[in-house]
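Engineer: Quick one: this structure, given as structure tokens, is what I'll be asking you about.
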Amino acid sequence: MKDRLSLKAAISAALLASLAGCSTTTETTEVVPGWQPDTTYNVTILHTNDNHGRFWHSRHGEYGMAARKTLIDNLRTEAEAQGSSVLLLSGGDINTGVPESDLLDAEPDFKGMTMIGYDAMALGNHEFDNSLDVLEKQMQWADFPMLSANIYDKATGKRKYQAYEIFEKNGLRIAVIGLTTEDTSKIGNPEFIGELDFRDPKAEAKKLIAELEATEKPDIIIATTHMGHYEDGKRGINAPGDVALARYLDSGSLDMIVGGHSQEPVCMEGPNMYNKSFKPGDECKPDSQNGTWIVQAHEWGKYVGKADFEFRNGELNLVSYDLIPVNLKKKIKVNGEKKRVFIQSEIPKDKEIYDFLKPYQDKGQDKLSVKIAETNGKLEGDRNVVRFQQTNLGRMIAAAHKERAKADFSVMNSGGVRDSIEAGDVTYKDVLTVQPFANMLTYTDMSGAEVLDYLNVVATKPVDSGAYAQFYGIAMTVSPEGVSDVVINGEPLDPNKVYRFTVPSYNAAGGDGYPKIVGHPGNVNTGFVDAEVLKDFLEKNSPIDVNKYEPNDEIVYK
Ligand SMILES: [Zn+2]
């Protein structure tokens with residue numbers, strides 16, 4: 001395929017030549033750009049990603065859509081006053097992560113985004129946590145397109161969702177295409193996504209860009225993606241992300257990637273090297289790969305990213321980039337006491353959207369007290385029991401994790417079990433009392449040999465500590481020297497076989513003195529919050545028979 005920039009340069013040269021009165025070829029006359037030669041056009045791209053139910057501010061008053069709207073309104077006014085065209089994009093994953101939002105199918109989040117004025121978003125993997133009719137409903141709530149070019153309907157062989165949108169801005173044609181990680185099919189609920197085919201987004205992007213060049217003839221092409229950004233493309237067992245996408249395409253054929261999924265502020269130190277010391281308010285240099293700028297604004301609306309471009313004679317150049325914190329705070333010591341203070345001056349909440357969202361927040365909280373399940377006995381999570389022995393609740397939480405991640409076995413730190421659930425009716429509030437930390441479910445693929453090393457550390461953690469582990473889907477003998485007789489799926493552990501197990505994100509990061517497995521090539525953070533996974537498990541298995549989860553000497557301590 002011909003390079004798009006050089007094609008545009010050729011067109012502008014032809015135009016210049018014809019303006020100068022020279023005779024010129026007529027090959028390109030059917031392509032009439034809306035822009036004028038030797039004229040500079042300013043384009044501002046604002047972006048967020050991975051909202052994950054955070055329509056409301058945190059309990060410390062950080063982020064939230066009301067402050068986000070004030071900030072975006074101000075940025076928009078400022079940019080437009082300078083003649084800039086503005087697009088506001090999201091890298092997807094609006095759903096899942098906060099009970100008040102989850103219980104309302106993220107209605108406040110999608111309606112809030114509409115009020116803020118989003119122009120388009122990528123469909124993220126968590127948009128498929130619910131059944132497809134919920135997504136259809138969300139598309140009605142959103143008055144902006146939810147894009148994905150690489151999701152196909154298996155039955156028809158056609159694209160299931162809108163692949164791209166064209167925006168006309170000051171004579172410029174800007175194409176925004178959407179792409180979704182292939183990993184959606186791995187972790188998604190087959191009941192909901194069985195009819196969908198998540199194809200290679202890199203190949204789809206290449207195909208779609210070629211189509212657009214032939215038909216829509218955009219001046220600028222931006223991909224809003226939910227694929228993840230991995231430093232230097234090192235992705236472990238994750239599906240290829242934004243770096244792989246940019247490297248795969250013809251150089252310069254994609255101007256920008258507005259990403260999501262890996263939930264990082266993409267701020268670089270140098271080529272292929274993260275700025276590991278980046279703090280909110282610092283300067284942020286976006287990634288650049290093969291002629292494509294790549295940006296991502298961490299998560300939850302903590303930041304709004306702002307990229308200012310200049311378009312001139314068919315060329316697009318980044319002039320400045322900023323990752324602007326939305327009421328983020330830091331802890332400081334005042335007279336020996338720790339206090340949270342705003343890192344930058346406080347952004348006031350927009351009153352209109354605040355008043356609009358408040359009833360949803362209240363309604364969500366009311367719903368937390370509604371019965372979700374019942375149990376025929378006590379689910380044991382008392383601190384003086386769960387930190388000393390395997391219990392039905394510890395094992396049930398691990399069972400819920402095992403099922404959600406389609407894992408072979410599960411490890412659950414007892415310090416992450418904060419209370420019991422009494423016999424009788426169970427509410428979401430009860431679940432949040434047991435699991436208040438919003439840890440994420442992670443899973444890891446490891447060889448049996450590595451699994452044995454891992455178990456030798458985590459299974460031998462002492463009792464009377466939060467590190468003491470609850471297990472499900474595995475049997476073994478534990479002595480102070482280590483573990484033996486490990487049985488998984490009814491078979492002795494095979495050192496050469498690959499096993500999948502889950503552990504909460506806190507422990508995956510090394511919490512409780514567990515081996516740090518974040519960064520292990522087999523480690524994946526699913527983004528599912530522990531309380532939601534437990535709630536869903538309780539709902540599906542209600543009425544709960546506690547006997548099913550009683551320990552039965554699976555773990556023998558010597
Ligand atoms: Zn995601």
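Every chain in the structure tokens takes a letter, A first, then B, and so on in the order presented; its residues are numbered from 1, and the ligands are numbered from 1 following the presented order.
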Could you name the residues that touch A:Asn541 at 12 Å or less, counting only C-alpha atoms, but leaving out those on the same chain fewer than 2 positions away, as an NGL selection string?
Structural biologist: :A and (372-375 or 396 or 399-400 or 534-539 or 543-546 or 548-549)
Engineer: Leaving out A:Pro359 and any residue of its chain fewer than 3 positions from it, which residues lie within 12 Å of it when counting only C-alpha atoms, given as a CSV table (one decimal) with C-alpha atoms, in the first residue's frame?
Structural biologist:
chain,number,residue,atom,x,y,z
A,56,TRP,CA,-18.7,9.0,41.1
A,100,GLU,CA,-23.1,1.2,42.5
A,101,SER,CA,-22.4,1.2,38.8
A,104,LEU,CA,-27.3,-0.3,37.4
A,107,GLU,CA,-26.3,3.5,33.1
A,108,PRO,CA,-24.9,6.5,35.0
A,353,ILE,CA,-23.9,16.5,35.9
A,354,TYR,CA,-23.4,16.2,39.7
A,355,ASP,CA,-27.1,16.7,40.3
A,356,PHE,CA,-27.9,14.2,37.4
A,362,ASP,CA,-28.0,6.8,46.0
A,363,LYS,CA,-30.0,4.2,44.1
A,364,GLY,CA,-26.9,2.0,43.7
A,365,GLN,CA,-26.2,2.2,47.4
A,366,ASP,CA,-29.8,1.2,48.1
Engineer: Enumerate the residues of stretch 404-527 of chain A with a DSSP assignment of alpha helix (DSSP H), computed from the backbone, and present them as a PyMOL selection string.
Structural biologist: chain A and resi 404+428-434+448-458+505-508
Engineer: Have a look at A:Glu165, A:Asp102, A:Glu136, A:Asp183 and name the one nearest to ligand 1; count only C-alpha atoms and all ligand atoms.
Structural biologist: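 Under the stated criterion, the closest residue is A:Asp183.
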Engineer: List all protein, DNA and RNA residues that have at least one atom no more than 8 Å from any atom of ligand 1, counting only C-alpha atoms and all ligand atoms, and write them as a ChimeraX atom specification.
Structural biologist: /A:50,92-93,124-126,181,226-228,260-262,526-527
Engineer: Skipping near chain neighbours, those fewer than 3 positions away, what residues fall within 8 Å of A:Phe528 using only C-alpha atoms, listed as a list of chain:residue names?
Structural biologist: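 Residues near the query, excluding close chain neighbours: A:Thr96, A:Gly97, A:Met440, A:Leu441, A:Glu532, A:Val533.
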Engineer: Could the residues of stretch 106-197 of chain A that have an atom at most 6 Å from stretch 205-220 of chain A be listed as JSON lines, each with its closest atom pair and the distance in Å to one decimal, counting only C-alpha atoms and ordered by chain and ascending residue number?
Structural biologist:
{"residue": "A:Arg173", "atom": "CA", "partner": "A:Pro218", "partner_atom": "CA", "distance": 4.8}
{"residue": "A:Ile174", "atom": "CA", "partner": "A:Ile220", "partner_atom": "CA", "distance": 4.8}
{"residue": "A:Ala175", "atom": "CA", "partner": "A:Pro218", "partner_atom": "CA", "distance": 5.8}
Engineer: Name the residues of stretch 50-290 of chain A that come out as strand (DSSP E) in a backbone DSSP run; write them as a VMD selection string.
Structural biologist: chain A and resid 85 to 90 120 to 122 146 to 147 151 to 153 164 to 169 172 to 180 196 to 198 220 to 226 256 to 258 268 to 270 273 to 274 287 to 289
Engineer: When you count only C-alpha atoms, which of these residues is closest to A:Tyr514: A:Asp322, A:Asp453, A:Glu352, A:Glu191?
Structural biologist: A:Asp453
Engineer: Find the residues around stretch 237-242 of chain A up to 8 Å (only C-alpha atoms counted), leave out those fewer than 4 positions away in its own chain, and share them as a list of chain:residue names.
Structural biologist: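 Near neighbours after the sequence-gap exclusion: A:Thr181, A:Glu182, A:Asp183, A:Thr225, A:Met227, A:Gly228, A:His229, A:Tyr230, A:Gly233, A:Ala246, A:Ile257, A:Gly259, A:Ile294, A:Pro521, A:Gly522, A:Asn523, A:Val524.
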Engineer: Restrict the selected residues to C-alpha atoms and save them as an mmCIF file, in the first residue's frame.
Structural biologist:
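The result, stored in part.cif:
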data_model
loop_
_atom_site.group_PDB
_atom_site.id
_atom_site.type_symbol
_atom_site.label_atom_id
_atom_site.label_comp_id
_atom_site.auth_asym_id
_atom_site.auth_seq_id
_atom_site.Cartn_x
_atom_site.Cartn_y
_atom_site.Cartn_z
ATOM 1 C CA THR A 181 -8.331 -7.218 22.435
ATOM 2 C CA GLU A 182 -8.572 -10.826 21.249
ATOM 3 C CA ASP A 183 -8.229 -11.824 24.909
ATOM 4 C CA THR A 225 -8.236 0.668 21.044
ATOM 5 C CA MET A 227 -5.649 -3.812 23.559
ATOM 6 C CA GLY A 228 -3.146 -2.739 26.217
ATOM 7 C CA HIS A 229 0.211 -0.983 26.015
ATOM 8 C CA TYR A 230 3.239 -3.132 26.800
ATOM 9 C CA GLY A 233 5.808 -4.806 23.010
ATOM 10 C CA ALA A 246 1.759 0.128 15.384
ATOM 11 C CA ILE A 257 -3.591 5.170 19.042
ATOM 12 C CA GLY A 259 -5.469 3.067 24.127
ATOM 13 C CA ILE A 294 0.386 5.940 21.417
ATOM 14 C CA PRO A 521 5.070 -13.877 31.310
ATOM 15 C CA GLY A 522 2.118 -16.062 32.333
ATOM 16 C CA ASN A 523 0.458 -13.531 34.641
ATOM 17 C CA VAL A 524 -2.779 -11.766 33.659
#
Engineer: Name the closest residue to A:Asn272 among the candidates A:Arg500, A:Lys234, A:Arg199, A:Lys378; distances are taken between atoms, counting only C-alpha atoms.
Structural biologist: A:Lys234
Engineer: Write out as a short mmCIF file (atom, residue, chain, number, x, y, z; two decimals) with N, CA, C and O atoms, in the first residue's frame the residues lying within 10 Å of A:Lys429, counting only C-alpha atoms and excluding same-chain residues fewer than 5 positions away.
Structural biologist:
data_model
loop_
_atom_site.label_atom_id
_atom_site.label_comp_id
_atom_site.auth_asym_id
_atom_site.auth_seq_id
_atom_site.Cartn_x
_atom_site.Cartn_y
_atom_site.Cartn_z
N PRO A 99 -19.66 -1.42 42.72
CA PRO A 99 -21.00 -2.01 42.87
C PRO A 99 -22.13 -1.07 42.45
O PRO A 99 -23.07 -1.49 41.79
N GLN A 365 -26.50 2.56 46.00
CA GLN A 365 -26.24 2.21 47.39
C GLN A 365 -27.43 1.49 48.02
O GLN A 365 -27.25 0.55 48.79
N ASP A 366 -28.65 1.92 47.64
CA ASP A 366 -29.85 1.22 48.13
C ASP A 366 -29.84 -0.24 47.69
O ASP A 366 -30.21 -1.14 48.44
N LYS A 367 -29.42 -0.45 46.47
CA LYS A 367 -29.44 -1.81 45.91
C LYS A 367 -28.48 -2.75 46.61
O LYS A 367 -28.61 -3.97 46.50
N LEU A 368 -27.50 -2.18 47.31
CA LEU A 368 -26.53 -3.03 48.02
C LEU A 368 -27.20 -3.83 49.13
O LEU A 368 -26.69 -4.85 49.57
N SER A 369 -28.35 -3.35 49.60
CA SER A 369 -29.03 -4.02 50.71
C SER A 369 -30.07 -5.04 50.24
O SER A 369 -30.78 -5.62 51.05
N VAL A 370 -30.15 -5.26 48.95
CA VAL A 370 -31.13 -6.21 48.42
C VAL A 370 -30.55 -7.62 48.50
O VAL A 370 -29.35 -7.84 48.27
N LYS A 371 -31.40 -8.59 48.85
CA LYS A 371 -30.96 -9.98 48.95
C LYS A 371 -30.48 -10.49 47.59
O LYS A 371 -31.15 -10.31 46.57
N ILE A 372 -29.31 -11.12 47.58
CA ILE A 372 -28.79 -11.70 46.33
C ILE A 372 -28.73 -13.22 46.37
O ILE A 372 -28.65 -13.87 45.34
N VAL A 434 -17.06 -8.79 53.58
CA VAL A 434 -16.07 -9.87 53.51
C VAL A 434 -14.87 -9.45 52.66
O VAL A 434 -13.72 -9.72 53.00
N GLN A 435 -15.16 -8.77 51.54
CA GLN A 435 -14.08 -8.39 50.60
C GLN A 435 -14.16 -6.90 50.28
O GLN A 435 -14.67 -6.51 49.22
N PRO A 436 -13.66 -6.05 51.18
CA PRO A 436 -13.81 -4.60 50.99
C PRO A 436 -12.69 -3.94 50.18
O PRO A 436 -12.75 -2.76 49.89
N ALA A 531 -15.03 -8.80 45.07
CA ALA A 531 -16.39 -8.80 45.62
C ALA A 531 -17.44 -9.11 44.54
O ALA A 531 -18.42 -9.81 44.80
N LYS A 535 -20.00 -12.19 44.58
CA LYS A 535 -21.43 -11.90 44.49
C LYS A 535 -22.06 -12.71 43.35
O LYS A 535 -23.10 -13.34 43.53
#
